[in-house]
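Trainee: Could you have a look at this structure, given as structure tokens, before my questions?
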There are 2 protein chains.
Amino acid sequence: MPRRILVIGAGKSATYLLHHLLEESRREDLQITIADKNTEHLPESVAKHERSEIRGLDIGNAEERRAAVQATDLVISMLPPTLHLEVAKDCLAFGKNLITASYISPGMRELDAEVRKKGLVFMNEMGLDPGIDHMSAMQVIDRIKARGGKMLLFESFTGGLVAPESDTNLWNYKFTWNPRNVVLAGQGGAAKFIQEGTYKYIPYHKLFRRTEFLEIQDYGTFEAYANRDSLSYRKAYGLEDALTLYRGTMRRVGFSRAWNIFVQLGMTDDSYRIENSRGMSYREFVNLFLPYSPTDSVELKLRHYLKIDQDDIIWGKLLELHLFDAGRKIRQEDATPAQVLQEILEASWTLGPEEKDMIVMYHKFGYLLNGKKHQLDSNMVVLGEDRRLTAMAKTVGLPVAIGALLILNGKVSQPGAQIPIREEVYQPVLEGLKKQGIAFREYEVPYLGYNPDSVAS
Amino acid sequence: MPRRILVIGAGKSATYLLHHLLEESRREDLQITIADKNTEHLPESVAKHERSEIRGLDIGNAEERRAAVQATDLVISMLPPTLHLEVAKDCLAFGKNLITASYISPGMRELDAEVRKKGLVFMNEMGLDPGIDHMSAMQVIDRIKARGGKMLLFESFTGGLVAPESDTNLWNYKFTWNPRNVVLAGQGGAAKFIQEGTYKYIPYHKLFRRTEFLEIQDYGTFEAYANRDSLSYRKAYGLEDALTLYRGTMRRVGFSRAWNIFVQLGMTDDSYRIENSRGMSYREFVNLFLPYSPTDSVELKLRHYLKIDQDDIIWGKLLELHLFDAGRKIRQEDATPAQVLQEILEASWTLGPEEKDMIVMYHKFGYLLNGKKHQLDSNMVVLGEDRRLTAMAKTVGLPVAIGALLILNGKVSQPGAQIPIREEVYQPVLEGLKKQGIAFREYEVPYLGYNPDSVAS
């Protein structure tokens, strides 16, 4: 009898996951059940595969859900993050293993003791970020430690961008995932990290002016702004003694400086609604955030307010979005500034059908070995194939698929609700990814230049 | 038998209030009961007055509180804003009138129907701001309307500052009221107002760069930044058709530009705690918000980060606060940035025993009369006598005292939970304030120059 895998949620991020599982289905003797409300968009190669079965499922219907979970050997939840917990409870009830690509939630953590007791594996954060970032970082950190090295510095950056050949606008950016997350990025509190043993805090309105540059061979220069909390994996990674911990989001150089214009104007604010936003022109929207003048133009007021020089490329970026157009109208009613901005950006930043996205990841490892400071940089670039077969779907879906087989084959010895930071997990998953062309390149570089012996005040 | 007034809360803001009531106590035949936990600080002239009685009261003790309310004819609550509602419910239960200097809360509004039914008066917002601002504005607005004028513009500004003779620092500012409110001013959402019929929004991080200048005869130039919501009294003031509505907070020119340094650094953030803040030097605190450098000084990093020229007076303002001092230590443990900033400011900005504060208020009224646009500006300046007898205490306490007598003498005909915007209230109170030297000066000025017929886009 084949081993049964239940994939709940068949959205965008499940494409590669399903392809990979079906590809392996004969060799691994798998029967894949794909459960979702809507499954019509699935390609024939998936829907009509001899080893696949489609099942209409309303996730809110507990009876249906439980029946599906009970009838399988392992559950892959590709649902929105807030919905994993219900599925997890069903898995616990029926003694099934579970895997997700989402951040482990407090509710999921609470299940840990019971999951352990039943000898189950609930593997979370098994996508790209979180996921590949953990695994690729831990592989290097463990290797450095095994050689007797002492970690001094860890910085890690990820970006979902557009592939060079599809990079056709001044922002060097198009939406390849959830646009709302991009518009709201960095909000909700100051970014916090450690540099040379000292805490550092960046308020949201300065976040996009405190970027760091990164070079990737063959791909040029990138920049990164800080994530809100760089310290969350400090303990999990065993980096309690590292003097520098920084996590960030990668963009092409110049993006953040231009994005800062929106932040400064207040256009990324999602906390209040603009009355009667529907039918308002893009130009009127911009003018909401500028001082009143009976004579001066919106353009001049903006240039003066934010001190934008006449020949600054930022201006071209704003024009490219038709920001001063009096003819283009906002469609959403009573929208927040952030919602309006998203609408304006989506009109320009949507990936064409044949256009490709790109995932970049960059780690820096600083360490002390035999009394000398060393630095190892490692990075990964993954290109998408088209708007459907994105690098994002690939890097989220493949680790989940590979991880699922690992669990199914009993290769994960430690039970519990966990994340992929142990060798028995990251080693085979990274190996599997390599076979699919997802690999890191490593570079020995001079130590970053921070000087822990003389921290300037 | 004398009329009995119960004053609950005998703090700083009650000084003038008590003085005035006792001064009037014989003529008006009053017996004043002063109820608070701590009353030792009250001067003999109040505590030992033949018409006053001190009563220890724990406001949390419902029985004590109710007994006190039941035994009086009118209650003045000078408690912190959140505590008024319990007192109000007691007043409702025992059929007593009530007066406070605080914003009318949603809970207080809910009592309105019952208050009306019982024919009681619960007068709120009877201090300075809110209070004198309402009354002085409504007096002019009603006068303009009575002459057939149509209101086009209303702007209103208030500031609690230091008197010119006590103005001894580069910031032209000292704390004269609640320092925490000053540090957190403007936070919690974008400032919203209307100019020439168009909504305008200013995000917090731009608030202190969008100031307006104001001249007061004999006192020079002031500036004002926008309050969070300028539209809250639109309906209450009958200004639904006015094209411009703006409320702001006054400071001496240059304050906001320098304050913006704290905002930009993130030092006014009250949303997270700094671990081990106790014993951290002022200099280390500043460095938390600056990029790391093994060689550059905190001073140079700050200058470069916020683009502060070498000869900018802002620098002197920062030095005056000892911001770069490595010897001065923070006392509070695990404090938020805002709490630390407050501590640093209080070390410099505290009023000396003989120093005087100053209250300034400024209104602009734009209106159309007989086809012509007019503008009337009115302003008020009140000086304190010393650190105890402040202009703030005077302008908060006196309207409450005068209003209390008004209610006691049956001069407020309309019952209900209300604010002082009707003529029967503002006329006698403003008259009473004038006798105490608190008066507005009016100036006919050219119309502000906004042009409602050709709103620029």
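Quick note on naming: the chains in the structure tokens go A, B, ... in the order shown, residues restart at 1 in each chain, and ligands are numbered from 1 in order of appearance.
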Pull the closest atom pair for each residue of chain B that gets at most 10 Å from chain A, along with the distance in Å to one decimal, counting only C-alpha atoms, ordering rows by chain and then ascending residue number, as a Markdown table.
Mentor:
| residue | atom | partner | partner_atom | distance |
| --- | --- | --- | --- | --- |
| B:Gly188 | CA | A:Ser271 | CA | 9.3 |
| B:Gly189 | CA | A:Ser271 | CA | 7.0 |
| B:Ala190 | CA | A:Gly266 | CA | 7.8 |
| B:Lys192 | CA | A:Leu288 | CA | 9.7 |
| B:Ile194 | CA | A:Tyr292 | CA | 9.4 |
| B:Gln195 | CA | A:Tyr292 | CA | 6.5 |
| B:Glu196 | CA | A:Tyr292 | CA | 7.9 |
| B:Thr198 | CA | A:Leu288 | CA | 7.4 |
| B:Tyr199 | CA | A:Leu288 | CA | 6.1 |
| B:Lys200 | CA | A:Leu288 | CA | 4.7 |
| B:Tyr201 | CA | A:Phe289 | CA | 5.2 |
| B:Ile202 | CA | A:Phe289 | CA | 6.2 |
| B:Pro203 | CA | A:Gly266 | CA | 5.2 |
| B:Tyr204 | CA | A:Gly266 | CA | 8.6 |
| B:His205 | CA | A:His205 | CA | 6.7 |
| B:Lys206 | CA | A:Gln264 | CA | 7.1 |
| B:Arg209 | CA | A:Tyr305 | CA | 9.1 |
| B:Arg210 | CA | A:Pro291 | CA | 7.8 |
| B:Val263 | CA | A:Pro203 | CA | 8.8 |
| B:Gln264 | CA | A:Lys206 | CA | 7.1 |
| B:Leu265 | CA | A:Pro203 | CA | 7.1 |
| B:Gly266 | CA | A:Pro203 | CA | 5.2 |
| B:Met267 | CA | A:Pro203 | CA | 8.8 |
| B:Thr268 | CA | A:Pro203 | CA | 9.9 |
| B:Asp269 | CA | A:Pro203 | CA | 8.2 |
| B:Asp270 | CA | A:Gly189 | CA | 9.8 |
| B:Ser271 | CA | A:Gly189 | CA | 7.1 |
| B:Tyr272 | CA | A:Gly189 | CA | 7.9 |
| B:Ile274 | CA | A:Tyr199 | CA | 8.7 |
| B:Glu275 | CA | A:Tyr199 | CA | 9.0 |
| B:Arg283 | CA | A:Ser457 | CA | 7.6 |
| B:Glu284 | CA | A:Ser457 | CA | 6.7 |
| B:Phe285 | CA | A:Lys200 | CA | 9.9 |
| B:Val286 | CA | A:Ser457 | CA | 9.7 |
| B:Asn287 | CA | A:Ser457 | CA | 7.0 |
| B:Leu288 | CA | A:Lys200 | CA | 4.7 |
| B:Phe289 | CA | A:Tyr201 | CA | 5.2 |
| B:Leu290 | CA | A:Lys200 | CA | 7.1 |
| B:Pro291 | CA | A:Lys200 | CA | 7.4 |
| B:Tyr292 | CA | A:Gln195 | CA | 6.5 |
| B:Ser293 | CA | A:Ala456 | CA | 6.5 |
| B:Pro294 | CA | A:Ala456 | CA | 4.9 |
| B:Thr295 | CA | A:Ala456 | CA | 5.8 |
| B:Asp296 | CA | A:Ala456 | CA | 7.1 |
| B:Ser297 | CA | A:Ser457 | CA | 6.6 |
| B:Val298 | CA | A:Ser457 | CA | 6.4 |
| B:Glu299 | CA | A:Ser457 | CA | 9.9 |
| B:Tyr305 | CA | A:Arg209 | CA | 9.1 |
| B:Ala326 | CA | A:Ser457 | CA | 9.0 |
| B:Gly449 | CA | A:Pro294 | CA | 8.2 |
| B:Tyr450 | CA | A:Pro294 | CA | 6.3 |
| B:Asn451 | CA | A:Pro294 | CA | 6.2 |
| B:Pro452 | CA | A:Pro294 | CA | 8.4 |
| B:Asp453 | CA | A:Pro294 | CA | 9.5 |
| B:Ser454 | CA | A:Pro294 | CA | 6.9 |
| B:Val455 | CA | A:Pro294 | CA | 5.7 |
| B:Ala456 | CA | A:Pro294 | CA | 5.0 |
| B:Ser457 | CA | A:Val298 | CA | 6.5 |
Trainee: Which residues come within 12 Å of Arg234 (chain A), counting only C-alpha atoms, excluding same-chain residues fewer than 3 positions away, as a ChimeraX atom specification?
Mentor: /A:134,138,151,153-155,193-194,229-231,237-247
Trainee: Mind checking which residues fall within 8 Å of region 379-381 of chain B, counting only C-alpha atoms, ignoring those fewer than 6 positions away in the same chain, and posting them as a ChimeraX atom specification?
Mentor: /B:216,358-363,438-442
Trainee: Write the residues you've just listed into a file as a compact mmCIF listing (two decimals), in the first residue's frame, and include all heavy atoms for each of them.
Mentor:
# COMPACT_ATOMS: atom_id res chain seq x y z
N ILE B 216 2.88 87.32 18.45
CA ILE B 216 2.06 87.89 19.52
C ILE B 216 2.70 89.20 19.96
O ILE B 216 3.88 89.21 20.35
CB ILE B 216 1.92 86.93 20.72
CG1 ILE B 216 1.20 85.65 20.28
CG2 ILE B 216 1.16 87.60 21.85
CD1 ILE B 216 0.87 84.69 21.41
N MET B 358 4.32 80.47 31.40
CA MET B 358 3.52 81.36 30.56
C MET B 358 2.58 80.51 29.71
O MET B 358 2.99 79.49 29.16
CB MET B 358 4.44 82.16 29.64
CG MET B 358 3.72 82.97 28.57
SD MET B 358 4.81 84.14 27.71
CE MET B 358 5.72 83.04 26.65
N ILE B 359 1.35 80.95 29.65
CA ILE B 359 0.37 80.29 28.76
C ILE B 359 0.10 81.22 27.59
O ILE B 359 -0.14 82.43 27.79
CB ILE B 359 -0.95 80.02 29.51
CG1 ILE B 359 -0.74 79.04 30.66
CG2 ILE B 359 -2.01 79.51 28.54
CD1 ILE B 359 -0.34 77.64 30.25
N VAL B 360 0.17 80.69 26.39
CA VAL B 360 -0.21 81.47 25.21
C VAL B 360 -1.32 80.73 24.47
O VAL B 360 -1.32 79.51 24.39
CB VAL B 360 0.98 81.70 24.25
CG1 VAL B 360 1.94 82.73 24.82
CG2 VAL B 360 1.73 80.40 23.97
N MET B 361 -2.26 81.51 23.97
CA MET B 361 -3.32 80.94 23.13
C MET B 361 -3.53 81.86 21.95
O MET B 361 -3.42 83.10 22.09
CB MET B 361 -4.61 80.77 23.94
CG MET B 361 -5.66 79.95 23.22
SD MET B 361 -7.13 79.62 24.24
CE MET B 361 -6.56 78.28 25.28
N TYR B 362 -3.78 81.29 20.78
CA TYR B 362 -3.90 82.10 19.58
C TYR B 362 -4.99 81.51 18.69
O TYR B 362 -4.94 80.32 18.36
CB TYR B 362 -2.55 82.11 18.83
CG TYR B 362 -2.40 83.21 17.80
CD1 TYR B 362 -1.52 84.26 18.01
CD2 TYR B 362 -3.16 83.20 16.62
CE1 TYR B 362 -1.38 85.28 17.08
CE2 TYR B 362 -3.03 84.22 15.69
CZ TYR B 362 -2.14 85.25 15.92
OH TYR B 362 -2.02 86.27 15.00
N HIS B 363 -5.98 82.32 18.32
CA HIS B 363 -7.02 81.87 17.39
C HIS B 363 -6.98 82.71 16.12
O HIS B 363 -6.74 83.92 16.18
CB HIS B 363 -8.43 82.10 17.97
CG HIS B 363 -8.72 81.40 19.25
ND1 HIS B 363 -8.55 80.05 19.42
CD2 HIS B 363 -9.21 81.87 20.43
CE1 HIS B 363 -8.93 79.72 20.66
NE2 HIS B 363 -9.32 80.81 21.29
N ILE B 438 -7.32 87.65 32.85
CA ILE B 438 -7.16 86.70 31.75
C ILE B 438 -8.08 87.13 30.62
O ILE B 438 -9.29 86.94 30.67
CB ILE B 438 -7.51 85.26 32.21
CG1 ILE B 438 -6.57 84.84 33.34
CG2 ILE B 438 -7.42 84.28 31.04
CD1 ILE B 438 -6.88 83.49 33.94
N ALA B 439 -7.48 87.75 29.60
CA ALA B 439 -8.31 88.32 28.55
C ALA B 439 -7.63 88.17 27.19
O ALA B 439 -6.42 88.01 27.09
CB ALA B 439 -8.56 89.80 28.83
N PHE B 440 -8.45 88.19 26.15
CA PHE B 440 -7.95 88.09 24.78
C PHE B 440 -7.84 89.46 24.15
O PHE B 440 -8.65 90.34 24.41
CB PHE B 440 -8.89 87.22 23.95
CG PHE B 440 -8.69 85.75 24.18
CD1 PHE B 440 -9.17 85.14 25.34
CD2 PHE B 440 -7.98 84.98 23.27
CE1 PHE B 440 -8.96 83.79 25.57
CE2 PHE B 440 -7.78 83.63 23.49
CZ PHE B 440 -8.27 83.04 24.64
N ARG B 441 -6.81 89.63 23.34
CA ARG B 441 -6.67 90.83 22.52
C ARG B 441 -7.04 90.46 21.10
O ARG B 441 -6.68 89.37 20.63
CB ARG B 441 -5.24 91.35 22.57
CG ARG B 441 -4.83 91.80 23.97
CD ARG B 441 -3.49 92.50 23.95
NE ARG B 441 -2.40 91.57 23.69
CZ ARG B 441 -1.10 91.93 23.71
NH1 ARG B 441 -0.77 93.19 23.94
NH2 ARG B 441 -0.16 91.02 23.47
N GLU B 442 -7.77 91.31 20.42
CA GLU B 442 -8.21 91.00 19.06
C GLU B 442 -7.57 91.92 18.04
O GLU B 442 -7.33 93.09 18.31
CB GLU B 442 -9.74 91.10 18.96
CG GLU B 442 -10.43 90.07 19.82
CD GLU B 442 -11.95 90.05 19.59
OE1 GLU B 442 -12.45 90.88 18.79
OE2 GLU B 442 -12.62 89.19 20.21
Trainee: Write out as a VMD selection string all residues of region 3-145 of chain B that backbone DSSP assigns to alpha helix (DSSP H).
Mentor: chain B and resid 15 to 23 44 to 47 62 to 70 84 to 94 106 to 110 112 to 117 132 to 145
Trainee: From the list B:Leu21, B:Leu92, B:Leu74, B:Ile132, which residue is nearest Arg4 (chain B) when using only C-alpha atoms?
Mentor: B:Leu74
Trainee: What is the CA of Val445 (chain B) to CA of Gln375 (chain B) distance in Å?
Mentor: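 Atom-to-atom, CA of Val445 (chain B) to CA of Gln375 (chain B), that is 5.5 Å.
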Trainee: Return the single residue from B:Arg26, B:Lys150, B:Arg303, B:Lys37 that is closest to Arg51 (chain B), with distances computed using only C-alpha atoms.
Mentor: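 Checking each candidate against Arg51 (chain B), we get B:Arg26 as the closest.
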Trainee: DSSP on the backbone, strand (DSSP E) only: what residues of region 72-307 of chain B does that give? Format it as a VMD selection string.
Mentor: chain B and resid 74 to 77 97 to 100 121 to 123 150 to 162 191 to 195 198 to 202 212 to 216 220 to 226 244 to 252
Trainee: Quick one: pull the distance between CA of Tyr443 (chain A) and CA of Asp129 (chain A), Å, one decimal.
Mentor: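 Distance between the two atoms: 21.7 Å.
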Trainee: Identify which of the residues A:Tyr367, A:Trp171, A:Phe94, A:Tyr219 lies closest to Ala258 (chain A), counting only C-alpha atoms when measuring atom-to-atom distances.
Mentor: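 Closest to Ala258 (chain A) of all the choices is A:Trp171.
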Trainee: Let me make sure I understand: among B:Asn61, B:Met392, B:Ile261, B:Ser136, which one has the smallest atom-to-atom distance to Leu306 (chain B) if we use only C-alpha atoms?
Mentor: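 Residue with the minimum atom-to-atom distance to Leu306 (chain B): B:Ile261.
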Trainee: So the first atom is CA of Gln436 (chain B) and the second is CA of Ala14 (chain B); what is the distance between them in Å, to one decimal place?
Mentor: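 A separation of 16.2 Å between them.
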Trainee: Write out as JSON, numbers by chain which residues come within 10 Å of Arg422 (chain A) when counting only C-alpha atoms, dropping same-chain ones fewer than 4 positions away.
Mentor: {"A": [134, 135, 138, 139, 142, 236, 237, 412, 414, 418, 426, 427]}
Trainee: Which polymer residues have any atom within 10 Å of an atom of Ala35 (chain B), counting only C-alpha atoms, with same-chain residues fewer than 6 positions away left out, as a ChimeraX atom specification?
Mentor: /B:6-10,53-59,65,68,77
Trainee: Counting only C-alpha atoms, which residue out of A:Gly403, A:Ile32, A:His374, A:Arg257 sits closest to His49 (chain A)?
Mentor: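 So, comparing all the options, the nearest one is A:Ile32.
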Trainee: Do a neighbour search on Ala401 (chain B) at 8 Å with only C-alpha atoms, toss out local chain neighbours closer than 4 positions, and write the hits as a ChimeraX atom specification.
Mentor: /B:17-18,20-21,397,405
Trainee: Go ahead and save the picked residues with all heavy atoms, as an mmCIF file, in the first residue's frame.
Mentor:
data_model
loop_
_atom_site.group_PDB
_atom_site.id
_atom_site.type_symbol
_atom_site.label_atom_id
_atom_site.label_comp_id
_atom_site.auth_asym_id
_atom_site.auth_seq_id
_atom_site.Cartn_x
_atom_site.Cartn_y
_atom_site.Cartn_z
ATOM 1 N N LEU B 17 -7.937 77.368 41.906
ATOM 2 C CA LEU B 17 -9.337 77.006 42.050
ATOM 3 C C LEU B 17 -9.783 77.194 43.490
ATOM 4 O O LEU B 17 -10.798 77.841 43.772
ATOM 5 C CB LEU B 17 -9.473 75.541 41.618
ATOM 6 C CG LEU B 17 -10.697 74.758 42.022
ATOM 7 C CD1 LEU B 17 -11.907 75.243 41.251
ATOM 8 C CD2 LEU B 17 -10.487 73.274 41.780
ATOM 9 N N LEU B 18 -8.993 76.659 44.434
ATOM 10 C CA LEU B 18 -9.349 76.747 45.856
ATOM 11 C C LEU B 18 -9.268 78.182 46.346
ATOM 12 O O LEU B 18 -10.150 78.661 47.065
ATOM 13 C CB LEU B 18 -8.433 75.832 46.682
ATOM 14 C CG LEU B 18 -8.622 74.338 46.396
ATOM 15 C CD1 LEU B 18 -7.532 73.505 47.073
ATOM 16 C CD2 LEU B 18 -10.009 73.873 46.854
ATOM 17 N N HIS B 20 -9.703 80.879 44.663
ATOM 18 C CA HIS B 20 -10.820 81.663 44.148
ATOM 19 C C HIS B 20 -12.120 81.324 44.873
ATOM 20 O O HIS B 20 -12.887 82.221 45.240
ATOM 21 C CB HIS B 20 -10.974 81.429 42.638
ATOM 22 C CG HIS B 20 -11.987 82.337 42.010
ATOM 23 N ND1 HIS B 20 -11.734 83.674 41.749
ATOM 24 C CD2 HIS B 20 -13.264 82.116 41.604
ATOM 25 C CE1 HIS B 20 -12.810 84.229 41.211
ATOM 26 N NE2 HIS B 20 -13.750 83.305 41.100
ATOM 27 N N LEU B 21 -12.342 80.036 45.068
ATOM 28 C CA LEU B 21 -13.581 79.645 45.753
ATOM 29 C C LEU B 21 -13.624 80.193 47.172
ATOM 30 O O LEU B 21 -14.661 80.689 47.636
ATOM 31 C CB LEU B 21 -13.719 78.115 45.771
ATOM 32 C CG LEU B 21 -14.020 77.442 44.435
ATOM 33 C CD1 LEU B 21 -14.031 75.922 44.600
ATOM 34 C CD2 LEU B 21 -15.356 77.914 43.856
ATOM 35 N N GLY B 397 -7.592 76.293 36.688
ATOM 36 C CA GLY B 397 -8.413 76.331 37.904
ATOM 37 C C GLY B 397 -9.489 77.399 37.904
ATOM 38 O O GLY B 397 -10.617 77.151 38.375
ATOM 39 N N LEU B 405 -19.496 78.186 40.283
ATOM 40 C CA LEU B 405 -20.419 79.156 40.869
ATOM 41 C C LEU B 405 -21.610 79.404 39.958
ATOM 42 O O LEU B 405 -22.742 79.579 40.408
ATOM 43 C CB LEU B 405 -19.683 80.467 41.163
ATOM 44 C CG LEU B 405 -18.617 80.351 42.266
ATOM 45 C CD1 LEU B 405 -17.895 81.674 42.461
ATOM 46 C CD2 LEU B 405 -19.267 79.888 43.573
#
